[in-house]
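Participant: Next up, data17.txt (compact mmCIF, C-alpha atoms).
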# COMPACT_ATOMS: atom_id res chain seq x y z
CA MET U 1 -28.39 7.21 15.00
CA MET U 2 -25.24 5.06 15.06
CA ASN U 3 -25.60 1.44 16.04
CA GLY U 4 -22.91 -0.74 17.60
CA THR U 5 -22.04 -2.70 14.46
CA SER U 6 -19.10 -0.57 13.35
CA GLY U 7 -17.68 -0.72 16.89
CA LYS U 8 -18.20 -4.46 16.81
CA LYS U 9 -16.25 -4.69 13.53
CA VAL U 10 -13.32 -2.83 15.08
CA VAL U 11 -13.32 -5.23 18.02
CA ASP U 12 -13.50 -8.28 15.75
CA VAL U 13 -10.62 -7.06 13.59
CA ALA U 14 -8.49 -6.21 16.64
CA PHE U 15 -9.25 -9.59 18.21
CA LYS U 16 -8.38 -11.48 15.02
CA ALA U 17 -5.20 -9.42 14.58
CA GLY U 18 -4.15 -10.29 18.13
CA LYS U 19 -4.69 -13.97 17.43
CA THR U 20 -2.77 -14.00 14.15
CA ILE U 21 0.33 -12.19 15.41
CA ASP U 22 3.13 -14.62 16.23
CA TRP U 23 4.56 -12.71 19.19
CA GLU U 24 6.80 -15.58 20.35
CA GLY U 25 8.14 -16.15 16.84
CA MET U 26 9.01 -12.47 16.46
CA ALA U 27 10.57 -12.37 19.95
CA LYS U 28 12.95 -15.20 18.99
CA LEU U 29 14.34 -13.08 16.14
CA LEU U 30 15.44 -10.26 18.43
CA VAL U 31 19.10 -10.04 19.29
CA SER U 32 19.75 -7.07 21.58
CA ASP U 33 18.30 -6.35 25.02
CA GLU U 34 17.17 -2.94 23.79
CA ALA U 35 15.19 -4.56 20.97
CA ARG U 36 13.59 -6.98 23.45
CA LYS U 37 12.55 -4.07 25.70
CA GLU U 38 11.07 -2.15 22.77
CA PHE U 39 9.26 -5.28 21.59
CA ALA U 40 7.82 -5.89 25.07
CA THR U 41 6.62 -2.28 25.14
CA LEU U 42 5.00 -2.69 21.71
CA ARG U 43 3.25 -5.89 22.75
CA ARG U 44 2.02 -4.33 26.01
CA ALA U 45 0.67 -1.30 24.11
CA PHE U 46 -1.05 -3.57 21.57
CA ASP U 47 -2.65 -5.62 24.33
CA GLU U 48 -3.84 -2.47 26.13
CA VAL U 49 -5.41 -1.05 22.96
CA ASN U 50 -6.96 -4.41 22.12
CA THR U 51 -8.43 -4.75 25.62
CA SER U 52 -9.70 -1.18 25.48
CA LEU U 53 -11.35 -1.81 22.12
CA GLN U 54 -12.99 -4.98 23.35
CA THR U 55 -14.42 -3.36 26.46
CA LYS U 56 -15.46 0.02 25.00
CA PHE U 57 -16.88 -1.04 21.66
CA SER U 58 -18.34 -4.40 22.52
CA LEU U 59 -20.80 -2.93 25.01
CA GLU U 60 -24.11 -1.68 23.68
CA PRO U 61 -25.45 1.40 25.45
CA GLU U 62 -28.33 0.82 27.80
CA PRO U 63 -31.63 1.88 26.20
CA ILE U 64 -33.34 4.80 27.90
CA ASP U 65 -36.49 3.86 29.81
CA TRP U 66 -38.60 6.85 28.82
CA GLU U 67 -41.69 5.52 30.67
CA TYR U 68 -39.81 5.47 33.94
CA TYR U 69 -38.95 9.17 33.55
CA ARG U 70 -42.49 10.09 32.42
CA LYS U 71 -43.87 8.70 35.68
CA GLY U 72 -41.39 10.61 37.81
CA ILE U 73 -40.99 13.91 35.95
CA GLY U 74 -44.03 14.26 33.74
CA SER U 75 -44.58 13.50 30.09
CA GLY U 76 -44.25 17.08 28.70
CA LEU U 77 -40.61 17.54 29.69
CA VAL U 78 -39.64 13.91 28.98
CA ASP U 79 -41.27 14.03 25.52
CA MET U 80 -39.30 17.19 24.76
CA TYR U 81 -36.03 15.46 25.75
CA LYS U 82 -36.97 12.28 23.86
CA GLU U 83 -37.72 14.30 20.72
CA ALA U 84 -34.37 16.11 21.02
CA TYR U 85 -32.57 12.82 21.71
CA ASP U 86 -34.17 11.13 18.71
CA SER U 87 -33.34 14.07 16.44
CA VAL U 88 -29.62 13.81 17.15
CA GLU U 89 -27.86 12.18 14.23
CA VAL U 90 -24.39 10.88 14.87
CA PRO U 91 -22.45 11.15 11.62
CA LYS U 92 -21.22 7.87 10.30
CA TYR U 93 -17.45 7.63 10.25
CA VAL U 94 -16.05 7.36 6.74
CA ASP U 95 -12.55 5.93 6.69
CA THR U 96 -10.47 7.87 4.18
CA VAL U 97 -7.11 6.99 5.74
CA THR U 98 -7.04 3.22 5.32
CA PRO U 99 -7.42 3.26 1.50
CA GLN U 100 -4.44 5.64 1.28
CA TYR U 101 -2.15 3.58 3.49
CA LYS U 102 -3.25 0.04 2.65
CA PRO U 103 -1.22 -0.11 -0.63
CA LYS U 104 1.79 1.35 1.16
CA PHE U 105 1.41 -1.24 3.91
CA GLU U 106 1.05 -4.06 1.37
CA ALA U 107 4.22 -2.84 -0.40
CA LEU U 108 6.04 -2.79 2.92
CA LEU U 109 4.94 -6.37 3.59
CA VAL U 110 6.39 -7.44 0.22
CA GLU U 111 9.59 -5.56 1.03
CA LEU U 112 9.66 -7.19 4.46
CA LYS U 113 9.34 -10.67 2.94
CA GLU U 114 12.20 -9.91 0.54
CA ALA U 115 14.35 -8.57 3.38
CA GLU U 116 13.51 -11.66 5.43
CA GLY U 117 14.65 -13.91 2.57
CA THR U 118 17.86 -11.95 2.15
CA SER U 119 18.46 -12.05 5.89
CA LEU U 120 17.93 -15.81 6.04
CA LYS U 121 20.37 -16.35 3.16
CA GLU U 122 22.93 -14.10 4.86
CA SER U 123 22.41 -15.99 8.15
CA GLU U 124 23.04 -19.29 6.37
CA ARG U 125 26.19 -17.91 4.78
CA LEU U 126 27.42 -16.58 8.12
CA GLU U 127 26.65 -19.87 9.89
CA LYS U 128 28.66 -21.69 7.23
CA GLU U 129 31.51 -19.20 7.60
CA ILE U 130 31.47 -19.59 11.40
CA ALA U 131 31.63 -23.37 11.02
CA GLU U 132 34.60 -23.02 8.64
CA VAL U 133 36.41 -20.67 11.01
CA GLN U 134 35.80 -23.02 13.94
CA GLU U 135 37.10 -25.94 11.89
CA LEU U 136 40.12 -23.88 10.87
CA LYS U 137 40.70 -22.91 14.51
CA LYS U 138 40.79 -26.58 15.51
CA LYS U 139 43.19 -27.54 12.69
CA ILE U 140 45.44 -24.47 12.61
CA SER U 141 48.06 -25.81 15.04
CA THR U 142 48.71 -28.87 12.86
CA MET U 143 47.93 -27.42 9.42
CA THR U 144 50.70 -27.02 6.84
CA ALA U 145 50.99 -24.06 4.50
CA ASP U 146 50.10 -26.32 1.55
CA GLU U 147 46.87 -27.44 3.29
CA TYR U 148 45.97 -23.80 4.00
CA PHE U 149 46.72 -22.72 0.43
CA GLU U 150 44.62 -25.60 -0.87
CA LYS U 151 41.60 -24.16 0.95
CA HIS U 152 42.48 -20.55 0.10
CA PRO U 153 43.95 -20.40 -3.41
CA GLU U 154 43.56 -16.59 -3.55
CA VAL U 155 46.06 -16.23 -0.67
CA LYS U 156 48.52 -18.56 -2.43
CA LYS U 157 48.17 -16.51 -5.62
CA LYS U 158 48.87 -13.31 -3.68
CA PHE U 159 52.01 -14.82 -2.09
CA ASP U 160 53.20 -16.20 -5.44
CA ASP U 161 52.68 -12.78 -7.09
CA GLU U 162 54.63 -11.02 -4.33
CA ILE U 163 57.52 -13.50 -4.61
CA ARG U 164 57.52 -13.34 -8.40
CA ASN U 165 57.60 -9.51 -8.31
CA ASP U 166 60.30 -9.56 -5.63
CA TYR U 167 58.07 -7.67 -3.18
CA TRP U 168 58.87 -8.66 0.40
CA GLY U 169 56.68 -6.13 2.26
CA TYR U 170 59.30 -3.38 2.82
Show how you would write the structure in this file as structure tokens.
Facilitator:
Amino acid sequence: MMNGTSGKKVVDVAFKAGKTIDWEGMAKLLVSDEARKEFATLRRAFDEVNTSLQTKFSLEPEPIDWEYYRKGIGSGLVDMYKEAYDSVEVPKYVDTVTPQYKPKFEALLVELKEAEGTSLKESERLEKEIAEVQELKKKISTMTADEYFEKHPEVKKKFDDEIRNDYWGY
């Protein structure tokens, strides 16, 4: 007969997973309202499953008081039910799915970390570019062509090439 230890393990894992997930940290990374709604739905679903696991699997079934029934019904019938009850074997669950998907999940975590690094580098680059554009926006009304070309030599080269090749855009 199955005891409550495997159910208890599920509850412990779910509880620990809930504690280690940085929900607020992930929420800060979301940009669109649609993503925030989907994330809230995911978190709500996770919490519901976690609560369900904790309530269903953490409770041990009440033991049957066979003596109580023997007194009220008679021992012949109760003994027959007890024998049938005791002979029932609940098959132990063998997890064949997790070993298949664990390596895939681990690979996805590595890929996620790499994507996170790339994303952070791109964010830094974009922040720098935004700062440069804002600085340029402030200075543009007083900036001379020479000052602009100094910051953007590729544009100066393009203009010089067009003038040298007598190309005036028409």
Participant: Mind giving me the straight-line distance from CA of His152 in chain U to CA of Ser123 in chain U in Å, one decimal?
Facilitator: 22.1 Å
Participant: As an exercise, work out the distance from CA of Asn165 in chain U to CA of Leu136 in chain U in Å and give it to one decimal place.
Facilitator: 29.7 Å
Participant: As an exercise, work out the distance from CA of Lys157 in chain U to CA of Met143 in chain U in Å and give it to one decimal place.
Facilitator: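 One can read the CA of Lys157 in chain U to CA of Met143 in chain U distance as 18.6 Å.
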Participant: Between U:Glu83, U:Glu114, U:Asp22, U:Glu132, which residue has the minimum interatomic distance to Lys151 in chain U, considering only C-alpha atoms?
Facilitator: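 Smallest distance to Lys151 in chain U is found for U:Glu132.
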Participant: If we count all atoms listed in the file and set the cut-off at 12 Å, which residues sit around Asp79 in chain U, ignoring sequence neighbours fewer than 4 positions away in its own chain? Please answer as an mmCIF file with C-alpha atoms, in the coordinates of the input.
Facilitator:
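Result written to result_30.cif:
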data_model
loop_
_atom_site.group_PDB
_atom_site.id
_atom_site.type_symbol
_atom_site.label_atom_id
_atom_site.label_comp_id
_atom_site.auth_asym_id
_atom_site.auth_seq_id
_atom_site.Cartn_x
_atom_site.Cartn_y
_atom_site.Cartn_z
ATOM 1 C CA TRP U 66 -38.600 6.850 28.820
ATOM 2 C CA GLU U 67 -41.690 5.520 30.670
ATOM 3 C CA TYR U 69 -38.950 9.170 33.550
ATOM 4 C CA ARG U 70 -42.490 10.090 32.420
ATOM 5 C CA LYS U 71 -43.870 8.700 35.680
ATOM 6 C CA ILE U 73 -40.990 13.910 35.950
ATOM 7 C CA GLY U 74 -44.030 14.260 33.740
ATOM 8 C CA SER U 75 -44.580 13.500 30.090
ATOM 9 C CA GLU U 83 -37.720 14.300 20.720
ATOM 10 C CA ALA U 84 -34.370 16.110 21.020
ATOM 11 C CA TYR U 85 -32.570 12.820 21.710
ATOM 12 C CA ASP U 86 -34.170 11.130 18.710
#
Participant: Which one of U:Glu154, U:Glu124, U:Asp146, U:Glu24 sits closest to Phe39 in chain U if you count all atoms listed in the file?
Facilitator: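 Of all the options, U:Glu24 lies closest to Phe39 in chain U.
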Participant: Please, could N, CA, C and O atoms be added to range 83-103 of chain U and the result written as a compact mmCIF listing (two decimals), in the frame of the given file?
Facilitator:
# COMPACT_ATOMS: atom_id res chain seq x y z
N GLU U 83 -37.71 13.77 22.08
CA GLU U 83 -37.72 14.30 20.72
C GLU U 83 -36.34 14.85 20.36
O GLU U 83 -35.82 14.59 19.26
N ALA U 84 -35.71 15.57 21.27
CA ALA U 84 -34.37 16.11 21.02
C ALA U 84 -33.35 14.98 20.89
O ALA U 84 -32.48 15.00 20.01
N TYR U 85 -33.48 13.97 21.74
CA TYR U 85 -32.57 12.82 21.71
C TYR U 85 -32.69 12.08 20.38
O TYR U 85 -31.69 11.70 19.76
N ASP U 86 -33.92 11.86 19.96
CA ASP U 86 -34.17 11.13 18.71
C ASP U 86 -33.73 11.93 17.48
O ASP U 86 -33.42 11.36 16.44
N SER U 87 -33.70 13.26 17.59
CA SER U 87 -33.34 14.07 16.44
C SER U 87 -31.82 14.17 16.25
O SER U 87 -31.36 14.61 15.21
N VAL U 88 -31.08 13.76 17.26
CA VAL U 88 -29.62 13.81 17.15
C VAL U 88 -29.16 12.72 16.18
O VAL U 88 -29.49 11.56 16.34
N GLU U 89 -28.42 13.15 15.18
CA GLU U 89 -27.86 12.18 14.23
C GLU U 89 -26.35 12.17 14.39
O GLU U 89 -25.69 13.18 14.21
N VAL U 90 -25.83 11.03 14.74
CA VAL U 90 -24.39 10.88 14.87
C VAL U 90 -23.87 10.57 13.47
O VAL U 90 -24.30 9.60 12.85
N PRO U 91 -22.95 11.41 12.98
CA PRO U 91 -22.45 11.15 11.62
C PRO U 91 -21.69 9.83 11.56
O PRO U 91 -20.97 9.47 12.49
N LYS U 92 -21.91 9.15 10.49
CA LYS U 92 -21.22 7.87 10.30
C LYS U 92 -19.77 8.15 9.91
O LYS U 92 -19.50 9.00 9.06
N TYR U 93 -18.87 7.45 10.53
CA TYR U 93 -17.45 7.63 10.25
C TYR U 93 -17.12 7.03 8.89
O TYR U 93 -17.44 5.88 8.60
N VAL U 94 -16.49 7.83 8.05
CA VAL U 94 -16.05 7.36 6.74
C VAL U 94 -14.53 7.31 6.77
O VAL U 94 -13.87 8.33 6.96
N ASP U 95 -14.00 6.13 6.62
CA ASP U 95 -12.55 5.93 6.69
C ASP U 95 -11.91 6.32 5.36
O ASP U 95 -12.06 5.64 4.36
N THR U 96 -11.19 7.45 5.38
CA THR U 96 -10.47 7.87 4.18
C THR U 96 -8.98 7.59 4.30
O THR U 96 -8.24 7.72 3.33
N VAL U 97 -8.54 7.20 5.49
CA VAL U 97 -7.11 6.99 5.74
C VAL U 97 -6.66 5.60 5.28
O VAL U 97 -5.64 5.45 4.62
N THR U 98 -7.43 4.60 5.62
CA THR U 98 -7.04 3.22 5.32
C THR U 98 -6.80 3.00 3.82
O THR U 98 -5.79 2.40 3.45
N PRO U 99 -7.69 3.47 2.93
CA PRO U 99 -7.42 3.26 1.50
C PRO U 99 -6.10 3.89 1.03
O PRO U 99 -5.47 3.39 0.12
N GLN U 100 -5.70 4.99 1.67
CA GLN U 100 -4.44 5.64 1.28
C GLN U 100 -3.24 4.81 1.73
O GLN U 100 -2.25 4.72 1.02
N TYR U 101 -3.32 4.24 2.92
CA TYR U 101 -2.15 3.58 3.49
C TYR U 101 -2.12 2.08 3.25
O TYR U 101 -1.07 1.47 3.41
N LYS U 102 -3.24 1.50 2.87
CA LYS U 102 -3.25 0.04 2.65
C LYS U 102 -2.26 -0.38 1.56
O LYS U 102 -1.48 -1.31 1.77
N PRO U 103 -2.21 0.29 0.38
CA PRO U 103 -1.22 -0.11 -0.63
C PRO U 103 0.22 0.06 -0.13
O PRO U 103 1.08 -0.77 -0.42
